[in-house]
file my_file-v9.csv (CSV, C-alpha atoms and all ligand atoms)
chain,number,residue,atom,x,y,z
F,148,MET,CA,-281.8,-0.2,-32.8
F,149,THR,CA,-281.1,2.9,-30.6
F,150,PRO,CA,-279.8,5.7,-32.7
F,151,CYS,CA,-276.0,5.6,-33.3
F,152,ASP,CA,-275.2,2.3,-31.8
F,153,PHE,CA,-273.3,-0.3,-33.9
F,154,SER,CA,-275.8,-3.1,-33.8
F,155,GLN,CA,-276.7,-2.8,-37.5
F,156,LEU,CA,-273.0,-3.3,-38.3
F,157,ASP,CA,-272.6,-6.1,-35.9
F,158,ARG,CA,-275.4,-8.0,-37.6
F,159,ALA,CA,-273.7,-7.6,-40.9
F,160,GLY,CA,-270.5,-9.1,-39.6
F,161,LEU,CA,-268.8,-5.7,-39.4
F,162,ASN,CA,-268.4,-6.3,-35.7
F,163,LEU,CA,-265.3,-4.4,-34.8
F,164,GLN,CA,-265.6,-0.7,-34.3
F,165,ALA,CA,-263.3,1.9,-32.8
F,166,VAL,CA,-263.7,5.6,-32.6
F,167,PHE,CA,-261.0,8.2,-32.2
F,168,ASN,CA,-261.1,12.0,-31.8
F,169,LEU,CA,-259.1,13.5,-34.7
F,170,ASP,CA,-257.2,15.9,-32.5
F,171,SER,CA,-255.9,13.1,-30.3
F,172,LEU,CA,-254.5,10.9,-33.0
F,173,PRO,CA,-250.7,10.5,-33.1
F,174,PRO,CA,-248.9,12.9,-35.4
F,175,GLY,CA,-248.0,10.3,-38.0
F,176,ILE,CA,-251.6,9.4,-38.6
F,177,ARG,CA,-252.7,13.0,-38.4
F,178,SER,CA,-250.3,14.0,-41.1
F,179,GLN,CA,-251.7,11.3,-43.4
F,180,LEU,CA,-255.1,12.9,-42.9
F,181,GLN,CA,-253.9,16.5,-43.2
F,182,GLN,CA,-255.8,17.3,-46.3
F,183,TYR,CA,-259.1,16.5,-44.4
F,184,MET,CA,-258.0,17.8,-41.0
F,185,GLU,CA,-257.8,21.3,-42.5
F,186,ASP,CA,-261.5,20.9,-42.9
F,187,GLY,CA,-261.6,20.3,-39.2
F,188,ALA,CA,-264.9,22.1,-38.5
F,189,LYS,CA,-266.6,19.3,-40.5
F,190,PHE,CA,-264.8,16.3,-39.1
F,191,ARG,CA,-264.3,15.5,-35.4
F,192,GLN,CA,-263.8,11.8,-35.3
F,193,LEU,CA,-262.2,8.9,-37.2
F,194,ILE,CA,-264.4,5.7,-37.2
F,195,LEU,CA,-262.5,2.4,-37.8
F,196,ILE,CA,-264.6,-0.6,-38.8
F,197,GLY,CA,-263.5,-4.1,-39.2
F,198,ASN,CA,-264.8,-7.7,-39.3
F,199,ALA,CA,-263.8,-10.5,-37.0
F,200,GLY,CA,-264.6,-14.1,-37.4
F,201,ALA,CA,-266.8,-16.0,-39.8
F,202,GLN,CA,-269.8,-13.8,-39.8
F,203,LEU,CA,-269.1,-11.4,-42.6
F,204,TRP,CA,-268.7,-13.8,-45.6
F,205,PRO,CA,-272.3,-15.2,-45.4
F,206,ALA,CA,-273.6,-11.7,-45.2
F,207,VAL,CA,-271.6,-10.7,-48.3
F,208,LYS,CA,-272.8,-13.8,-50.1
F,209,ALA,CA,-276.4,-13.1,-49.1
F,210,ALA,CA,-276.2,-9.6,-50.5
F,211,GLY,CA,-275.4,-11.1,-54.0
F,212,ILE,CA,-273.0,-8.4,-55.0
F,213,ALA,CA,-271.5,-9.3,-58.4
F,214,SER,CA,-268.2,-7.3,-58.4
F,215,PRO,CA,-264.5,-8.0,-58.3
F,216,ASP,CA,-264.4,-7.0,-54.7
F,217,PRO,CA,-267.7,-7.9,-53.1
F,218,ILE,CA,-266.3,-7.5,-49.5
F,219,ASP,CA,-265.3,-3.9,-50.0
F,220,ASP,CA,-268.5,-3.1,-51.8
F,221,PHE,CA,-270.6,-4.7,-49.2
F,222,SER,CA,-268.7,-3.1,-46.4
F,223,VAL,CA,-269.0,0.4,-47.9
F,224,ARG,CA,-272.6,0.0,-48.7
F,225,THR,CA,-273.4,-1.3,-45.2
F,226,VAL,CA,-271.5,1.4,-43.4
F,227,THR,CA,-273.0,4.1,-45.6
F,228,ASP,CA,-276.5,2.8,-44.8
F,229,TRP,CA,-275.7,2.7,-41.1
F,230,PHE,CA,-274.3,6.2,-41.1
F,231,ASN,CA,-277.3,7.6,-43.0
F,232,THR,CA,-279.7,5.9,-40.5
F,233,CYS,CA,-277.8,7.2,-37.5
F,234,PHE,CA,-276.5,10.6,-38.6
F,235,GLY,CA,-278.5,11.6,-41.6
F,236,THR,CA,-276.7,14.3,-43.5
F,237,ARG,CA,-273.8,14.9,-41.1
F,238,HIS,CA,-270.5,15.3,-42.8
F,239,ARG,CA,-268.5,12.2,-43.5
F,240,LYS,CA,-265.7,11.2,-45.8
F,241,LEU,CA,-264.7,7.7,-46.7
F,242,ILE,CA,-261.0,7.3,-46.3
F,243,TYR,CA,-260.7,3.5,-46.7
F,244,PRO,CA,-261.2,1.7,-49.1
F,245,GLY,CA,-259.7,4.4,-51.2
F,246,ASN,CA,-256.5,6.1,-52.2
F,247,THR,CA,-255.6,7.9,-49.0
F,248,PRO,CA,-252.5,6.2,-47.6
F,249,VAL,CA,-253.9,5.8,-44.0
F,250,GLY,CA,-252.0,3.4,-41.7
F,251,LEU,CA,-254.5,0.7,-41.0
F,252,GLN,CA,-252.2,-1.3,-38.8
F,253,ALA,CA,-251.3,1.8,-36.8
F,254,LEU,CA,-255.0,2.4,-36.2
F,255,GLY,CA,-255.4,-1.2,-35.3
F,256,ARG,CA,-252.7,-1.0,-32.7
F,257,LEU,CA,-254.3,2.1,-31.2
F,258,ALA,CA,-257.6,0.2,-31.0
F,259,GLY,CA,-255.9,-2.8,-29.4
F,260,TRP,CA,-256.7,-5.1,-32.3
F,261,HIS,CA,-253.3,-5.5,-33.9
F,262,HIS,CA,-250.0,-7.1,-33.0
F,263,ALA,CA,-247.6,-8.3,-35.7
F,264,SER,CA,-247.4,-12.0,-36.2
F,265,PRO,CA,-244.3,-13.7,-37.7
F,266,PHE,CA,-246.0,-13.8,-41.1
F,267,LYS,CA,-247.1,-10.2,-40.7
F,268,VAL,CA,-250.8,-10.7,-40.6
F,269,GLY,CA,-252.2,-8.9,-37.6
F,270,ILE,CA,-253.1,-11.0,-34.6
F,271,ASN,CA,-254.9,-10.6,-31.2
F,272,GLN,CA,-255.8,-12.8,-28.4
F,273,ASP,CA,-259.6,-12.7,-29.1
F,274,TRP,CA,-259.7,-13.4,-32.8
F,275,GLY,CA,-256.3,-14.7,-33.7
F,276,THR,CA,-255.6,-13.5,-37.2
F,277,TRP,CA,-259.2,-13.8,-38.3
F,278,PHE,CA,-260.0,-10.1,-38.4
F,279,ALA,CA,-259.5,-7.3,-41.0
F,280,TYR,CA,-259.9,-3.6,-41.5
F,281,ARG,CA,-262.8,-2.8,-43.8
F,282,VAL,CA,-263.8,0.9,-43.6
F,283,VAL,CA,-262.3,4.1,-42.3
F,284,LEU,CA,-264.5,7.2,-42.1
F,285,LEU,CA,-263.9,10.7,-41.0
F,286,ALA,CA,-267.1,12.1,-39.6
F,287,ASP,CA,-268.8,15.0,-37.8
F,288,THR,CA,-269.9,12.7,-34.9
F,289,LEU,CA,-269.6,12.6,-31.1
F,290,LEU,CA,-269.5,8.8,-30.7
F,291,PRO,CA,-268.1,7.2,-27.5
F,292,LEU,CA,-264.3,6.7,-27.9
F,293,ALA,CA,-262.4,3.5,-28.1
F,294,PRO,CA,-260.6,2.6,-24.9
F,295,PRO,CA,-256.9,2.4,-25.4
F,296,GLY,CA,-255.8,-1.2,-26.2
F,297,HIS,CA,-253.1,-2.7,-24.1
F,298,ALA,CA,-253.7,-6.5,-24.4
F,299,PRO,CA,-250.4,-8.3,-25.0
F,300,SER,CA,-249.6,-10.2,-28.2
F,301,PRO,CA,-250.5,-13.9,-28.1
F,302,CYS,CA,-247.2,-14.5,-29.9
F,303,ASP,CA,-245.3,-13.4,-26.7
F,304,ASN,CA,-246.4,-16.6,-25.0
F,305,CYS,CA,-246.2,-19.0,-28.0
F,306,SER,CA,-243.0,-20.9,-27.4
F,307,ASP,CA,-243.6,-23.6,-30.1
F,308,ARG,CA,-244.4,-21.1,-32.9
F,309,PRO,CA,-246.1,-23.7,-35.2
F,310,CYS,CA,-246.7,-21.0,-37.9
F,311,ILE,CA,-242.9,-20.8,-38.5
F,312,ALA,CA,-242.5,-24.5,-39.1
F,313,ALA,CA,-245.6,-24.8,-41.2
F,314,CYS,CA,-244.5,-22.2,-43.8
F,315,PRO,CA,-243.4,-24.2,-46.9
F,316,ALA,CA,-241.3,-21.3,-48.1
F,317,GLN,CA,-239.4,-21.0,-44.8
F,318,ALA,CA,-240.1,-17.3,-45.0
F,319,MET,CA,-239.8,-16.9,-41.2
F,320,THR,CA,-236.6,-18.7,-40.4
F,321,SER,CA,-234.6,-15.4,-39.8
F,322,ASP,CA,-235.8,-12.5,-37.5
F,323,GLU,CA,-237.3,-10.7,-40.5
F,324,PHE,CA,-240.2,-12.0,-42.5
F,325,ASP,CA,-238.8,-12.8,-46.1
F,326,LEU,CA,-241.6,-11.5,-48.3
F,327,ASN,CA,-239.8,-12.4,-51.5
F,328,ARG,CA,-239.5,-16.0,-50.4
F,329,CYS,CA,-243.2,-16.0,-49.6
F,330,ILE,CA,-244.2,-14.5,-53.0
F,331,ASP,CA,-241.8,-16.7,-55.0
F,332,TYR,CA,-243.3,-19.8,-53.3
F,333,ARG,CA,-246.9,-18.6,-53.8
F,334,ARG,CA,-246.3,-18.2,-57.5
F,335,ARG,CA,-244.9,-21.6,-58.1
F,336,PRO,CA,-247.0,-24.2,-59.9
F,337,GLY,CA,-248.6,-26.5,-57.4
F,338,SER,CA,-248.0,-24.0,-54.5
F,339,ARG,CA,-249.8,-24.9,-51.3
F,340,CYS,CA,-250.2,-21.1,-50.7
F,341,ALA,CA,-251.8,-20.1,-54.0
F,342,ALA,CA,-255.2,-19.7,-52.2
F,343,THR,CA,-254.3,-19.7,-48.5
F,344,CYS,CA,-251.5,-19.2,-46.0
F,345,VAL,CA,-250.5,-22.5,-44.5
F,346,ALA,CA,-248.7,-20.7,-41.6
F,347,ARG,CA,-251.9,-18.7,-40.8
F,348,LEU,CA,-253.9,-21.9,-40.7
F,349,ALA,CA,-251.3,-23.5,-38.3
F,350,CYS,CA,-251.8,-20.8,-35.7
F,351,PRO,CA,-254.0,-22.1,-32.9
F,352,VAL,CA,-255.0,-18.7,-31.6
F,353,GLY,CA,-258.6,-17.8,-32.4
F,354,SER,CA,-259.0,-20.9,-34.6
F,355,ALA,CA,-262.7,-21.1,-33.7
F,356,HIS,CA,-263.1,-17.8,-35.5
F,357,ARG,CA,-261.4,-18.9,-38.8
F,358,TYR,CA,-262.9,-17.5,-41.9
F,359,PRO,CA,-264.9,-19.9,-44.1
F,360,SER,CA,-262.7,-21.7,-46.6
F,361,GLU,CA,-264.4,-19.9,-49.5
F,362,GLN,CA,-263.5,-16.5,-48.0
F,363,ILE,CA,-259.9,-17.6,-47.4
F,364,ALA,CA,-259.6,-18.7,-51.0
F,365,HIS,CA,-261.2,-15.5,-52.3
F,366,GLY,CA,-258.8,-13.3,-50.4
F,367,TYR,CA,-255.6,-15.2,-51.1
F,368,SER,CA,-256.5,-15.8,-54.8
F,369,ASN,CA,-257.1,-12.1,-55.2
F,370,SER,CA,-253.8,-11.2,-53.6
F,371,LEU,CA,-251.9,-13.6,-55.8
F,372,ARG,CA,-253.7,-12.1,-58.9
F,373,MET,CA,-252.5,-8.6,-57.7
F,374,ILE,CA,-249.0,-9.9,-57.3
F,375,GLU,CA,-249.0,-11.3,-60.9
F,376,HIS,CA,-250.5,-8.1,-62.2
F,377,TYR,CA,-247.8,-5.9,-60.7
F,378,ARG,CA,-245.1,-8.3,-61.8
F,379,ASN,CA,-246.4,-8.2,-65.4
F,380,MET,CA,-246.6,-4.4,-65.2
F,381,SER,CA,-243.1,-4.1,-63.9
F,382,ALA,CA,-241.8,-6.5,-66.6
F,383,THR,CA,-243.6,-4.5,-69.3
F,384,SER,CA,-242.2,-1.1,-68.1
F,385,LYS,CA,-238.7,-2.6,-68.1
F,386,MET,CA,-239.1,-3.6,-71.8
F,387,LYS,CA,-240.0,0.0,-72.8
X,1,LIG,S1,-248.5,-19.8,-34.0
X,1,LIG,FE1,-247.7,-18.6,-32.2
X,1,LIG,S2,-246.1,-17.3,-33.0
X,1,LIG,FE2,-247.3,-18.0,-34.8
X,1,LIG,S3,-248.9,-16.4,-35.1
X,1,LIG,FE3,-249.8,-18.0,-33.8
X,1,LIG,S4,-249.4,-17.2,-31.7
X,1,LIG,FE4,-248.0,-16.1,-33.0
X,2,LIG,S1,-248.5,-17.6,-47.7
X,2,LIG,FE1,-247.3,-19.5,-47.6
X,2,LIG,S2,-245.3,-19.0,-48.1
X,2,LIG,FE2,-246.3,-17.1,-47.5
X,2,LIG,S3,-246.0,-16.9,-45.2
X,2,LIG,FE3,-247.9,-18.0,-45.5
X,2,LIG,S4,-247.3,-20.1,-45.4
X,2,LIG,FE4,-245.4,-19.0,-45.8
call {"tool": "encode", "arguments": {"input": "my_file-v9.csv", "output": "structure tokens", "more": "lines below"}}
Ligand code: SF4
Ligand code: SF4
result
Amino acid sequence: MTPCDFSQLDRAGLNLQAVFNLDSLPPGIRSQLQQYMEDGAKFRQLILIGNAGAQLWPAVKAAGIASPDPIDDFSVRTVTDWFNTCFGTRHRKLIYPGNTPVGLQALGRLAGWHHASPFKVGINQDWGTWFAYRVVLLADTLLPLAPPGHAPSPCDNCSDRPCIAACPAQAMTSDEFDLNRCIDYRRRPGSRCAATCVARLACPVGSAHRYPSEQIAHGYSNSLRMIEHYRNMSATSKMK
């Protein structure tokens, strides 16, 4: 590897990377990062790292990480190793995963990765919906910048819209995605969406890059657990 390229990340399945200068980010994103921007002498760039396609899950499995969120843990570990190899002790700050409310989809739009699909998962022409944001770093780096993304949304030319008909909850029959319908259906006994999104599987764009079934089940089972967790917390607080 030549210093500071992304090949180490590519090999680990973290194969989407985009770099932005902090001072050229839109005001909305800058304000989310304000607490760190004041430390501007240390941080010059924001590095956005994602995965696309089926490559990441086998790498996560091979790492044998026994934790509730092995994808996050693997991603952070891999990116930290990469940064240390390339940049040694240069300043960096992990923003995501974490508690900083940074707009991942807004960053994805800037990178040209993200368009909204009818079921609100991001989509692009190359990978369909089979990509995700994994790590955001602020860093004292001078990496080459991401070219602005202008590719159109594949949904613009999708006249049949099979995702809409496939949704068993009919959550996309009006102009707005009906999240409550989706969640209510997912929570039902025998739901077809307990561990997947049928609409997402029905989209033909990028289907060759679909995640392995085990990864799909892992992600959607986790999200359903989170939904149940917050529902239970909310019910408990109402009883107090
Ligand atoms: S099926 Fe068509 S409308 Fe639905 S997400 Fe895929 S490209 Fe977009
Ligand atoms: S998870 Fe199921 S109910 Fe929700 S949008 Fe996807 S297909 Fe529809």
call {"tool": "closest_atom_pairs", "arguments": {"input": "my_file-v9.csv", "of": "chain F", "to": "ligand LIG 1 (chain X)", "cutoff": "6 Å", "atoms": "only C-alpha atoms and all ligand atoms", "output": "tab-separated table"}}
result
residue	atom	partner	partner_atom	distance
F:Ser264	CA	X:LIG1	S3	4.8
F:Pro265	CA	X:LIG1	S3	5.9
F:Pro301	CA	X:LIG1	S4	5.0
F:Cys302	CA	X:LIG1	FE4	3.6
F:Cys305	CA	X:LIG1	FE1	4.5
F:Arg308	CA	X:LIG1	S2	4.2
F:Pro309	CA	X:LIG1	S1	4.7
F:Cys310	CA	X:LIG1	FE2	4.4
F:Cys350	CA	X:LIG1	S1	3.8
F:Pro351	CA	X:LIG1	FE3	5.9
F:Val352	CA	X:LIG1	FE3	5.7
call {"tool": "residues_around", "arguments": {"input": "my_file-v9.csv", "residues": "Leu156 of chain F", "least_positions_apart": "5", "cutoff": "9 Å", "atoms": "all atoms listed in the file", "output": "list in words"}}
result
Leu161, Asn162, Leu163, Gln164, Ile196, Thr225, Val226 and Trp229 of chain F
call {"tool": "closest_residue", "arguments": {"input": "my_file-v9.csv", "among": "F:Leu180, F:Cys340, F:Leu289, F:Ile330", "to": "Tyr367 of chain F", "atoms": "only C-alpha atoms"}}
result
F:Cys340
call {"tool": "residues_near_point", "arguments": {"input": "my_file-v9.csv", "point": "(-254.2, -4.6, -29.4)", "cutoff": "12 Å", "atoms": "only C-alpha atoms", "output": "NGL selection string"}}
result
:F and (165 or 252-263 or 269-276 or 293-301)
call {"tool": "atom_distance", "arguments": {"input": "my_file-v9.csv", "atom1": "atom CA of Val166 of chain F", "atom2": "atom CA of Lys267 of chain F"}}
result
24.3 Å
call {"tool": "residues_near_ligand", "arguments": {"input": "my_file-v9.csv", "ligand": "ligand LIG 2 (chain X)", "cutoff": "9 Å", "atoms": "only C-alpha atoms and all ligand atoms", "output": "VMD selection string"}}
result
chain F and resid 265 to 267 310 to 311 313 to 319 324 to 333 338 to 349 367
call {"tool": "closest_residue", "arguments": {"input": "my_file-v9.csv", "among": "F:Ala199, F:Ala213, F:Arg334, F:Pro205", "to": "Leu371 of chain F", "atoms": "all atoms listed in the file"}}
result
F:Arg334
call {"tool": "residues_near_point", "arguments": {"input": "my_file-v9.csv", "point": "(-267.2, 8.8, -44.4)", "cutoff": "12 Å", "atoms": "only C-alpha atoms", "output": "number ranges by chain"}}
result
F: 183, 189-196, 223-231, 234-245, 282-288
call {"tool": "write_last_selection", "arguments": {"input": "my_file-v9.csv", "atoms": "C-alpha atoms", "output": "CSV table (one decimal), in the frame of the given file"}}
result
chain,number,residue,atom,x,y,z
F,183,TYR,CA,-259.1,16.5,-44.4
F,189,LYS,CA,-266.6,19.3,-40.5
F,190,PHE,CA,-264.8,16.3,-39.1
F,191,ARG,CA,-264.3,15.5,-35.4
F,192,GLN,CA,-263.8,11.8,-35.3
F,193,LEU,CA,-262.2,8.9,-37.2
F,194,ILE,CA,-264.4,5.7,-37.2
F,195,LEU,CA,-262.5,2.4,-37.8
F,196,ILE,CA,-264.6,-0.6,-38.8
F,223,VAL,CA,-269.0,0.4,-47.9
F,224,ARG,CA,-272.6,0.0,-48.7
F,225,THR,CA,-273.4,-1.3,-45.2
F,226,VAL,CA,-271.5,1.4,-43.4
F,227,THR,CA,-273.0,4.1,-45.6
F,228,ASP,CA,-276.5,2.8,-44.8
F,229,TRP,CA,-275.7,2.7,-41.1
F,230,PHE,CA,-274.3,6.2,-41.1
F,231,ASN,CA,-277.3,7.6,-43.0
F,234,PHE,CA,-276.5,10.6,-38.6
F,235,GLY,CA,-278.5,11.6,-41.6
F,236,THR,CA,-276.7,14.3,-43.5
F,237,ARG,CA,-273.8,14.9,-41.1
F,238,HIS,CA,-270.5,15.3,-42.8
F,239,ARG,CA,-268.5,12.2,-43.5
F,240,LYS,CA,-265.7,11.2,-45.8
F,241,LEU,CA,-264.7,7.7,-46.7
F,242,ILE,CA,-261.0,7.3,-46.3
F,243,TYR,CA,-260.7,3.5,-46.7
F,244,PRO,CA,-261.2,1.7,-49.1
F,245,GLY,CA,-259.7,4.4,-51.2
F,282,VAL,CA,-263.8,0.9,-43.6
F,283,VAL,CA,-262.3,4.1,-42.3
F,284,LEU,CA,-264.5,7.2,-42.1
F,285,LEU,CA,-263.9,10.7,-41.0
F,286,ALA,CA,-267.1,12.1,-39.6
F,287,ASP,CA,-268.8,15.0,-37.8
F,288,THR,CA,-269.9,12.7,-34.9
call {"tool": "residues_around", "arguments": {"input": "my_file-v9.csv", "residues": "Ala201 of chain F", "least_positions_apart": "4", "cutoff": "8 Å", "atoms": "only C-alpha atoms", "output": "PyMOL selection string"}}
result
chain F and resi 160+205+356-359
call {"tool": "closest_residue", "arguments": {"input": "my_file-v9.csv", "among": "F:Ser154, F:Ser354, F:Ser306, F:Ser178", "to": "Trp277 of chain F", "atoms": "only C-alpha atoms"}}
result
F:Ser354
call {"tool": "atom_distance", "arguments": {"input": "my_file-v9.csv", "atom1": "atom CA of Met184 of chain F", "atom2": "atom CA of Leu251 of chain F"}}
result
17.5 Å
call {"tool": "residues_around", "arguments": {"input": "my_file-v9.csv", "residues": "Asn369 of chain F", "least_positions_apart": "4", "cutoff": "12 Å", "atoms": "all atoms listed in the file", "output": "JSON, numbers by chain"}}
result
{"F": [215, 216, 217, 218, 341, 342, 343, 362, 363, 364, 365, 373, 374, 375, 376]}
call {"tool": "atom_distance", "arguments": {"input": "my_file-v9.csv", "atom1": "atom CA of Val249 of chain F", "atom2": "atom CA of Thr232 of chain F"}}
result
26.0 Å
